[in-house]
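See below for my_file-v1.pdb, which holds PDB, C-alpha atoms.
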```
ATOM      1  CA  PRO M   1     113.800 128.493 110.825  1.00  0.00           C
ATOM      2  CA  GLU M   2     114.357 127.835 107.137  1.00  0.00           C
ATOM      3  CA  PRO M   3     115.261 124.215 106.309  1.00  0.00           C
ATOM      4  CA  ASP M   4     118.741 123.533 104.925  1.00  0.00           C
ATOM      5  CA  ARG M   5     118.404 122.776 101.219  1.00  0.00           C
ATOM      6  CA  ASN M   6     122.105 122.249 100.518  1.00  0.00           C
ATOM      7  CA  GLY M   7     121.506 118.548  99.946  1.00  0.00           C
ATOM      8  CA  VAL M   8     118.692 119.161  97.436  1.00  0.00           C
ATOM      9  CA  PRO M   9     120.285 120.797  94.354  1.00  0.00           C
ATOM     10  CA  LEU M  10     117.048 121.288  92.410  1.00  0.00           C
ATOM     11  CA  ALA M  11     115.574 123.205  95.345  1.00  0.00           C
ATOM     12  CA  ARG M  12     118.608 125.506  95.389  1.00  0.00           C
ATOM     13  CA  THR M  13     118.384 126.257  91.681  1.00  0.00           C
ATOM     14  CA  HIS M  14     114.616 126.277  91.043  1.00  0.00           C
ATOM     15  CA  GLY M  15     113.003 126.608  94.459  1.00  0.00           C
ATOM     16  CA  PRO M  16     111.394 124.066  96.777  1.00  0.00           C
ATOM     17  CA  ARG M  17     107.989 123.911  95.068  1.00  0.00           C
ATOM     18  CA  ALA M  18     109.487 123.170  91.639  1.00  0.00           C
ATOM     19  CA  ALA M  19     111.833 120.596  93.172  1.00  0.00           C
ATOM     20  CA  VAL M  20     109.010 118.644  94.817  1.00  0.00           C
ATOM     21  CA  LEU M  21     106.643 118.868  91.823  1.00  0.00           C
ATOM     22  CA  CYS M  22     109.283 117.879  89.251  1.00  0.00           C
ATOM     23  CA  THR M  23     110.704 114.970  91.208  1.00  0.00           C
ATOM     24  CA  SER M  24     107.207 113.756  92.140  1.00  0.00           C
ATOM     25  CA  PHE M  25     106.244 113.722  88.474  1.00  0.00           C
ATOM     26  CA  LEU M  26     109.386 111.752  87.584  1.00  0.00           C
ATOM     27  CA  TYR M  27     108.674 109.293  90.393  1.00  0.00           C
ATOM     28  CA  PHE M  28     105.105 108.969  89.081  1.00  0.00           C
ATOM     29  CA  MET M  29     106.399 108.249  85.570  1.00  0.00           C
ATOM     30  CA  PHE M  30     108.765 105.548  86.865  1.00  0.00           C
ATOM     31  CA  HIS M  31     105.662 103.753  88.160  1.00  0.00           C
ATOM     32  CA  HIS M  32     103.805 103.860  84.818  1.00  0.00           C
ATOM     33  CA  SER M  33     103.818 100.066  84.493  1.00  0.00           C
ATOM     34  CA  LYS M  34     102.131  99.580  87.866  1.00  0.00           C
ATOM     35  CA  PRO M  35      98.374  99.149  88.379  1.00  0.00           C
ATOM     36  CA  PRO M  36      96.474 102.484  88.102  1.00  0.00           C
ATOM     37  CA  LEU M  37      95.805 102.871  91.836  1.00  0.00           C
ATOM     38  CA  GLU M  38      99.452 102.244  92.710  1.00  0.00           C
ATOM     39  CA  MET M  39     100.579 104.645  90.006  1.00  0.00           C
ATOM     40  CA  LEU M  40      98.273 107.383  91.268  1.00  0.00           C
ATOM     41  CA  SER M  41      99.216 106.832  94.906  1.00  0.00           C
ATOM     42  CA  SER M  42     102.904 106.967  93.970  1.00  0.00           C
ATOM     43  CA  TYR M  43     102.485 110.624  92.947  1.00  0.00           C
ATOM     44  CA  PHE M  44     100.952 111.654  96.259  1.00  0.00           C
ATOM     45  CA  GLY M  45     103.450 109.559  98.185  1.00  0.00           C
ATOM     46  CA  ALA M  46     106.250 111.255  96.261  1.00  0.00           C
ATOM     47  CA  LEU M  47     104.881 114.672  97.209  1.00  0.00           C
ATOM     48  CA  LEU M  48     105.037 113.725 100.884  1.00  0.00           C
ATOM     49  CA  LEU M  49     108.501 112.198 100.534  1.00  0.00           C
ATOM     50  CA  GLY M  50     109.675 115.283  98.650  1.00  0.00           C
ATOM     51  CA  ILE M  51     108.523 117.554 101.446  1.00  0.00           C
ATOM     52  CA  ALA M  52     110.241 115.326 104.020  1.00  0.00           C
ATOM     53  CA  CYS M  53     113.467 115.421 101.996  1.00  0.00           C
ATOM     54  CA  LEU M  54     113.345 119.208 101.705  1.00  0.00           C
ATOM     55  CA  ARG M  55     112.848 119.582 105.436  1.00  0.00           C
ATOM     56  CA  ALA M  56     115.752 117.221 106.132  1.00  0.00           C
ATOM     57  CA  GLY M  57     117.952 118.663 103.370  1.00  0.00           C
ATOM     58  CA  THR M  58     118.747 115.174 102.040  1.00  0.00           C
ATOM     59  CA  PHE M  59     117.158 112.279 100.140  1.00  0.00           C
ATOM     60  CA  TRP M  60     117.573 109.862 103.080  1.00  0.00           C
ATOM     61  CA  PRO M  61     113.977 110.158 104.366  1.00  0.00           C
ATOM     62  CA  ALA M  62     112.711 108.942 100.983  1.00  0.00           C
ATOM     63  CA  PHE M  63     115.191 106.075 100.917  1.00  0.00           C
ATOM     64  CA  ILE M  64     114.488 105.036 104.500  1.00  0.00           C
ATOM     65  CA  LEU M  65     110.713 105.050 103.931  1.00  0.00           C
ATOM     66  CA  HIS M  66     110.654 103.626 100.384  1.00  0.00           C
ATOM     67  CA  TRP M  67     113.055 100.705 100.791  1.00  0.00           C
ATOM     68  CA  PRO M  68     111.161  98.868 103.584  1.00  0.00           C
ATOM     69  CA  LEU M  69     107.861  99.521 101.790  1.00  0.00           C
ATOM     70  CA  ASN M  70     109.224  97.918  98.607  1.00  0.00           C
ATOM     71  CA  LEU M  71     110.565  94.982 100.572  1.00  0.00           C
ATOM     72  CA  PHE M  72     107.198  94.480 102.263  1.00  0.00           C
ATOM     73  CA  VAL M  73     105.288  94.641  98.963  1.00  0.00           C
ATOM     74  CA  GLU M  74     107.665  92.202  97.263  1.00  0.00           C
ATOM     75  CA  LEU M  75     107.562  89.742 100.160  1.00  0.00           C
ATOM     76  CA  THR M  76     103.777  89.973 100.338  1.00  0.00           C
ATOM     77  CA  ALA M  77     103.425  89.423  96.583  1.00  0.00           C
ATOM     78  CA  PHE M  78     105.874  86.503  96.770  1.00  0.00           C
ATOM     79  CA  GLY M  79     103.844  84.949  99.592  1.00  0.00           C
ATOM     80  CA  LEU M  80     100.562  85.353  97.720  1.00  0.00           C
ATOM     81  CA  GLU M  81     101.663  84.454  94.198  1.00  0.00           C
ATOM     82  CA  GLY M  82     104.848  82.481  94.664  1.00  0.00           C
ATOM     83  CA  PRO M  83     108.086  83.276  92.855  1.00  0.00           C
ATOM     84  CA  ARG M  84     107.760  85.185  89.600  1.00  0.00           C
ATOM     85  CA  GLY M  85     107.853  82.877  86.653  1.00  0.00           C
ATOM     86  CA  ALA M  86     106.861  79.827  88.697  1.00  0.00           C
ATOM     87  CA  ILE M  87     104.625  77.287  87.054  1.00  0.00           C
ATOM     88  CA  GLN M  88     101.092  77.764  88.338  1.00  0.00           C
ATOM     89  CA  ARG M  89      98.885  74.665  88.613  1.00  0.00           C
TER      90      ARG M  89
END
```

Can you turn what I pasted into structure tokens?
Amino acid sequence: PEPDRNGVPLARTHGPRAAVLCTSFLYFMFHHSKPPLEMLSSYFGALLLGIACLRAGTFWPAFILHWPLNLFVELTAFGLEGPRGAIQR
């Protein structure tokens, strides 16, 4: 059965391939200030999240997967480096 794309407007207007490629590129560009490996992996991660969103017909899979990942990365970085802007001895 064909997935419901009512919740993904770009897929309705330009097709699923264009929707995933365009949004993945935008996601990649939002990560331009990150280290090169993270920036590159963000593009491939966005492709997978885009496919999951198309299949679900909503952006919620991306939100549900991205939010805990961000929280984990921030908490890990905080634990390793301390709070941002802290005086390092």

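Distance-wise, atom CA of M:Ser24 and atom CA of M:Ala46 end up 4.9 Å apart.
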
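With all atoms listed in the file as the basis for measurement, M:Leu49 is the residue among M:Thr13, M:Ala19, M:Leu40, M:Leu49 that approaches M:Ile64 most closely.
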
> In file coordinates, which residues lie within 12 Å of (108.6, 116.5, 103.1) using only C-alpha atoms, given as number ranges by chain?
Replying inline: M: 3, 5, 8, 16-17, 19-21, 24, 44-62, 65

Box for stretch 33-49 of chain M: with edges along x, y and z, all listed atoms inside and 3 Å added on each side, what are the centre and edge lengths in Å to one decimal, as JSON?
```
{"center_x": 102.2, "center_y": 106.9, "center_z": 92.7, "size_x": 18.7, "size_y": 21.5, "size_z": 22.4}
```

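Rounded to one decimal, atom CA of M:Met29 and atom CA of M:Thr76 lie 23.6 Å from each other.
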
>> Which residue is closest to M:Phe25? Choose from M:Asn70, M:Leu37, M:Ser42, M:Leu10 and count only C-alpha atoms.
In response: M:Ser42

> Between atom CA of M:Cys22 and atom CA of M:Lys34, what is the spacing in Å?
Replying inline: 19.7 Å

Give me stretch 30-43 of chain M from this structure - all heavy atoms, as a PDB file, in the first residue's frame.
```pdb
ATOM      1  N   PHE M  30      22.050  23.213   7.888  1.00  0.00           N
ATOM      2  CA  PHE M  30      21.880  23.693   9.265  1.00  0.00           C
ATOM      3  C   PHE M  30      23.002  23.195  10.168  1.00  0.00           C
ATOM      4  O   PHE M  30      23.231  23.752  11.233  1.00  0.00           O
ATOM      5  CB  PHE M  30      20.533  23.271   9.845  1.00  0.00           C
ATOM      6  CG  PHE M  30      19.372  24.078   9.370  1.00  0.00           C
ATOM      7  CD1 PHE M  30      18.249  23.462   8.863  1.00  0.00           C
ATOM      8  CD2 PHE M  30      19.399  25.462   9.390  1.00  0.00           C
ATOM      9  CE1 PHE M  30      17.169  24.196   8.417  1.00  0.00           C
ATOM     10  CE2 PHE M  30      18.331  26.212   8.945  1.00  0.00           C
ATOM     11  CZ  PHE M  30      17.212  25.575   8.453  1.00  0.00           C
ATOM     12  N   HIS M  31      23.697  22.161   9.758  1.00  0.00           N
ATOM     13  CA  HIS M  31      24.789  21.591  10.551  1.00  0.00           C
ATOM     14  C   HIS M  31      26.161  22.040  10.037  1.00  0.00           C
ATOM     15  O   HIS M  31      27.174  21.430  10.369  1.00  0.00           O
ATOM     16  CB  HIS M  31      24.693  20.053  10.545  1.00  0.00           C
ATOM     17  CG  HIS M  31      23.554  19.546  11.346  1.00  0.00           C
ATOM     18  ND1 HIS M  31      22.261  19.514  10.871  1.00  0.00           N
ATOM     19  CD2 HIS M  31      23.504  19.053  12.611  1.00  0.00           C
ATOM     20  CE1 HIS M  31      21.464  19.023  11.802  1.00  0.00           C
ATOM     21  NE2 HIS M  31      22.187  18.738  12.871  1.00  0.00           N
ATOM     22  N   HIS M  32      26.203  23.115   9.242  1.00  0.00           N
ATOM     23  CA  HIS M  32      27.468  23.537   8.637  1.00  0.00           C
ATOM     24  C   HIS M  32      28.526  23.960   9.652  1.00  0.00           C
ATOM     25  O   HIS M  32      29.709  23.927   9.363  1.00  0.00           O
ATOM     26  CB  HIS M  32      27.232  24.656   7.620  1.00  0.00           C
ATOM     27  CG  HIS M  32      26.989  25.992   8.229  1.00  0.00           C
ATOM     28  ND1 HIS M  32      25.764  26.365   8.715  1.00  0.00           N
ATOM     29  CD2 HIS M  32      27.827  27.041   8.457  1.00  0.00           C
ATOM     30  CE1 HIS M  32      25.838  27.580   9.202  1.00  0.00           C
ATOM     31  NE2 HIS M  32      27.073  28.020   9.060  1.00  0.00           N
ATOM     32  N   SER M  33      28.144  24.336  10.844  1.00  0.00           N
ATOM     33  CA  SER M  33      29.117  24.761  11.843  1.00  0.00           C
ATOM     34  C   SER M  33      29.652  23.592  12.676  1.00  0.00           C
ATOM     35  O   SER M  33      30.514  23.784  13.522  1.00  0.00           O
ATOM     36  CB  SER M  33      28.492  25.799  12.770  1.00  0.00           C
ATOM     37  OG  SER M  33      27.415  25.220  13.480  1.00  0.00           O
ATOM     38  N   LYS M  34      29.155  22.418  12.426  1.00  0.00           N
ATOM     39  CA  LYS M  34      29.577  21.231  13.179  1.00  0.00           C
ATOM     40  C   LYS M  34      30.886  20.684  12.604  1.00  0.00           C
ATOM     41  O   LYS M  34      31.280  21.028  11.503  1.00  0.00           O
ATOM     42  CB  LYS M  34      28.494  20.143  13.099  1.00  0.00           C
ATOM     43  CG  LYS M  34      27.131  20.564  13.610  1.00  0.00           C
ATOM     44  CD  LYS M  34      27.153  20.709  15.096  1.00  0.00           C
ATOM     45  CE  LYS M  34      25.745  21.000  15.599  1.00  0.00           C
ATOM     46  NZ  LYS M  34      25.674  21.072  17.017  1.00  0.00           N
ATOM     47  N   PRO M  35      31.550  19.797  13.333  1.00  0.00           N
ATOM     48  CA  PRO M  35      32.752  19.151  12.783  1.00  0.00           C
ATOM     49  C   PRO M  35      32.403  18.400  11.487  1.00  0.00           C
ATOM     50  O   PRO M  35      31.263  17.956  11.310  1.00  0.00           O
ATOM     51  CB  PRO M  35      33.167  18.170  13.883  1.00  0.00           C
ATOM     52  CG  PRO M  35      32.555  18.706  15.133  1.00  0.00           C
ATOM     53  CD  PRO M  35      31.287  19.389  14.706  1.00  0.00           C
ATOM     54  N   PRO M  36      33.372  18.266  10.569  1.00  0.00           N
ATOM     55  CA  PRO M  36      33.094  17.673   9.247  1.00  0.00           C
ATOM     56  C   PRO M  36      32.408  16.309   9.287  1.00  0.00           C
ATOM     57  O   PRO M  36      31.475  16.077   8.523  1.00  0.00           O
ATOM     58  CB  PRO M  36      34.473  17.571   8.602  1.00  0.00           C
ATOM     59  CG  PRO M  36      35.276  18.630   9.268  1.00  0.00           C
ATOM     60  CD  PRO M  36      34.756  18.723  10.676  1.00  0.00           C
ATOM     61  N   LEU M  37      32.829  15.423  10.169  1.00  0.00           N
ATOM     62  CA  LEU M  37      32.214  14.094  10.225  1.00  0.00           C
ATOM     63  C   LEU M  37      30.750  14.184  10.665  1.00  0.00           C
ATOM     64  O   LEU M  37      29.884  13.505  10.108  1.00  0.00           O
ATOM     65  CB  LEU M  37      32.999  13.174  11.160  1.00  0.00           C
ATOM     66  CG  LEU M  37      32.507  11.736  11.229  1.00  0.00           C
ATOM     67  CD1 LEU M  37      32.548  11.077   9.850  1.00  0.00           C
ATOM     68  CD2 LEU M  37      33.361  10.936  12.203  1.00  0.00           C
ATOM     69  N   GLU M  38      30.471  15.042  11.628  1.00  0.00           N
ATOM     70  CA  GLU M  38      29.084  15.208  12.077  1.00  0.00           C
ATOM     71  C   GLU M  38      28.237  15.837  10.979  1.00  0.00           C
ATOM     72  O   GLU M  38      27.088  15.451  10.772  1.00  0.00           O
ATOM     73  CB  GLU M  38      29.041  16.065  13.339  1.00  0.00           C
ATOM     74  CG  GLU M  38      27.646  16.193  13.925  1.00  0.00           C
ATOM     75  CD  GLU M  38      27.603  16.991  15.204  1.00  0.00           C
ATOM     76  OE1 GLU M  38      28.662  17.274  15.791  1.00  0.00           O
ATOM     77  OE2 GLU M  38      26.480  17.333  15.632  1.00  0.00           O
ATOM     78  N   MET M  39      28.819  16.787  10.274  1.00  0.00           N
ATOM     79  CA  MET M  39      28.085  17.434   9.180  1.00  0.00           C
ATOM     80  C   MET M  39      27.744  16.420   8.094  1.00  0.00           C
ATOM     81  O   MET M  39      26.603  16.355   7.632  1.00  0.00           O
ATOM     82  CB  MET M  39      28.913  18.571   8.607  1.00  0.00           C
ATOM     83  CG  MET M  39      28.190  19.394   7.585  1.00  0.00           C
ATOM     84  SD  MET M  39      29.221  20.763   7.071  1.00  0.00           S
ATOM     85  CE  MET M  39      28.274  21.370   5.700  1.00  0.00           C
ATOM     86  N   LEU M  40      28.712  15.616   7.709  1.00  0.00           N
ATOM     87  CA  LEU M  40      28.482  14.607   6.678  1.00  0.00           C
ATOM     88  C   LEU M  40      27.461  13.568   7.147  1.00  0.00           C
ATOM     89  O   LEU M  40      26.541  13.214   6.405  1.00  0.00           O
ATOM     90  CB  LEU M  40      29.793  13.927   6.305  1.00  0.00           C
ATOM     91  CG  LEU M  40      29.712  12.880   5.204  1.00  0.00           C
ATOM     92  CD1 LEU M  40      29.237  13.518   3.905  1.00  0.00           C
ATOM     93  CD2 LEU M  40      31.065  12.227   5.013  1.00  0.00           C
ATOM     94  N   SER M  41      27.595  13.107   8.372  1.00  0.00           N
ATOM     95  CA  SER M  41      26.655  12.095   8.862  1.00  0.00           C
ATOM     96  C   SER M  41      25.245  12.661   9.005  1.00  0.00           C
ATOM     97  O   SER M  41      24.270  11.919   8.908  1.00  0.00           O
ATOM     98  CB  SER M  41      27.144  11.504  10.191  1.00  0.00           C
ATOM     99  OG  SER M  41      27.106  12.473  11.209  1.00  0.00           O
ATOM    100  N   SER M  42      25.137  13.981   9.213  1.00  0.00           N
ATOM    101  CA  SER M  42      23.805  14.575   9.331  1.00  0.00           C
ATOM    102  C   SER M  42      23.024  14.429   8.027  1.00  0.00           C
ATOM    103  O   SER M  42      21.805  14.261   8.045  1.00  0.00           O
ATOM    104  CB  SER M  42      23.892  16.047   9.742  1.00  0.00           C
ATOM    105  OG  SER M  42      24.355  16.855   8.682  1.00  0.00           O
ATOM    106  N   TYR M  43      23.713  14.482   6.881  1.00  0.00           N
ATOM    107  CA  TYR M  43      23.021  14.341   5.599  1.00  0.00           C
ATOM    108  C   TYR M  43      22.433  12.936   5.457  1.00  0.00           C
ATOM    109  O   TYR M  43      21.261  12.771   5.118  1.00  0.00           O
ATOM    110  CB  TYR M  43      23.953  14.648   4.429  1.00  0.00           C
ATOM    111  CG  TYR M  43      23.246  14.528   3.104  1.00  0.00           C
ATOM    112  CD1 TYR M  43      22.335  15.489   2.712  1.00  0.00           C
ATOM    113  CD2 TYR M  43      23.462  13.441   2.278  1.00  0.00           C
ATOM    114  CE1 TYR M  43      21.655  15.377   1.506  1.00  0.00           C
ATOM    115  CE2 TYR M  43      22.791  13.326   1.074  1.00  0.00           C
ATOM    116  CZ  TYR M  43      21.898  14.291   0.697  1.00  0.00           C
ATOM    117  OH  TYR M  43      21.219  14.170  -0.483  1.00  0.00           O
TER     118      TYR M  43
END
```
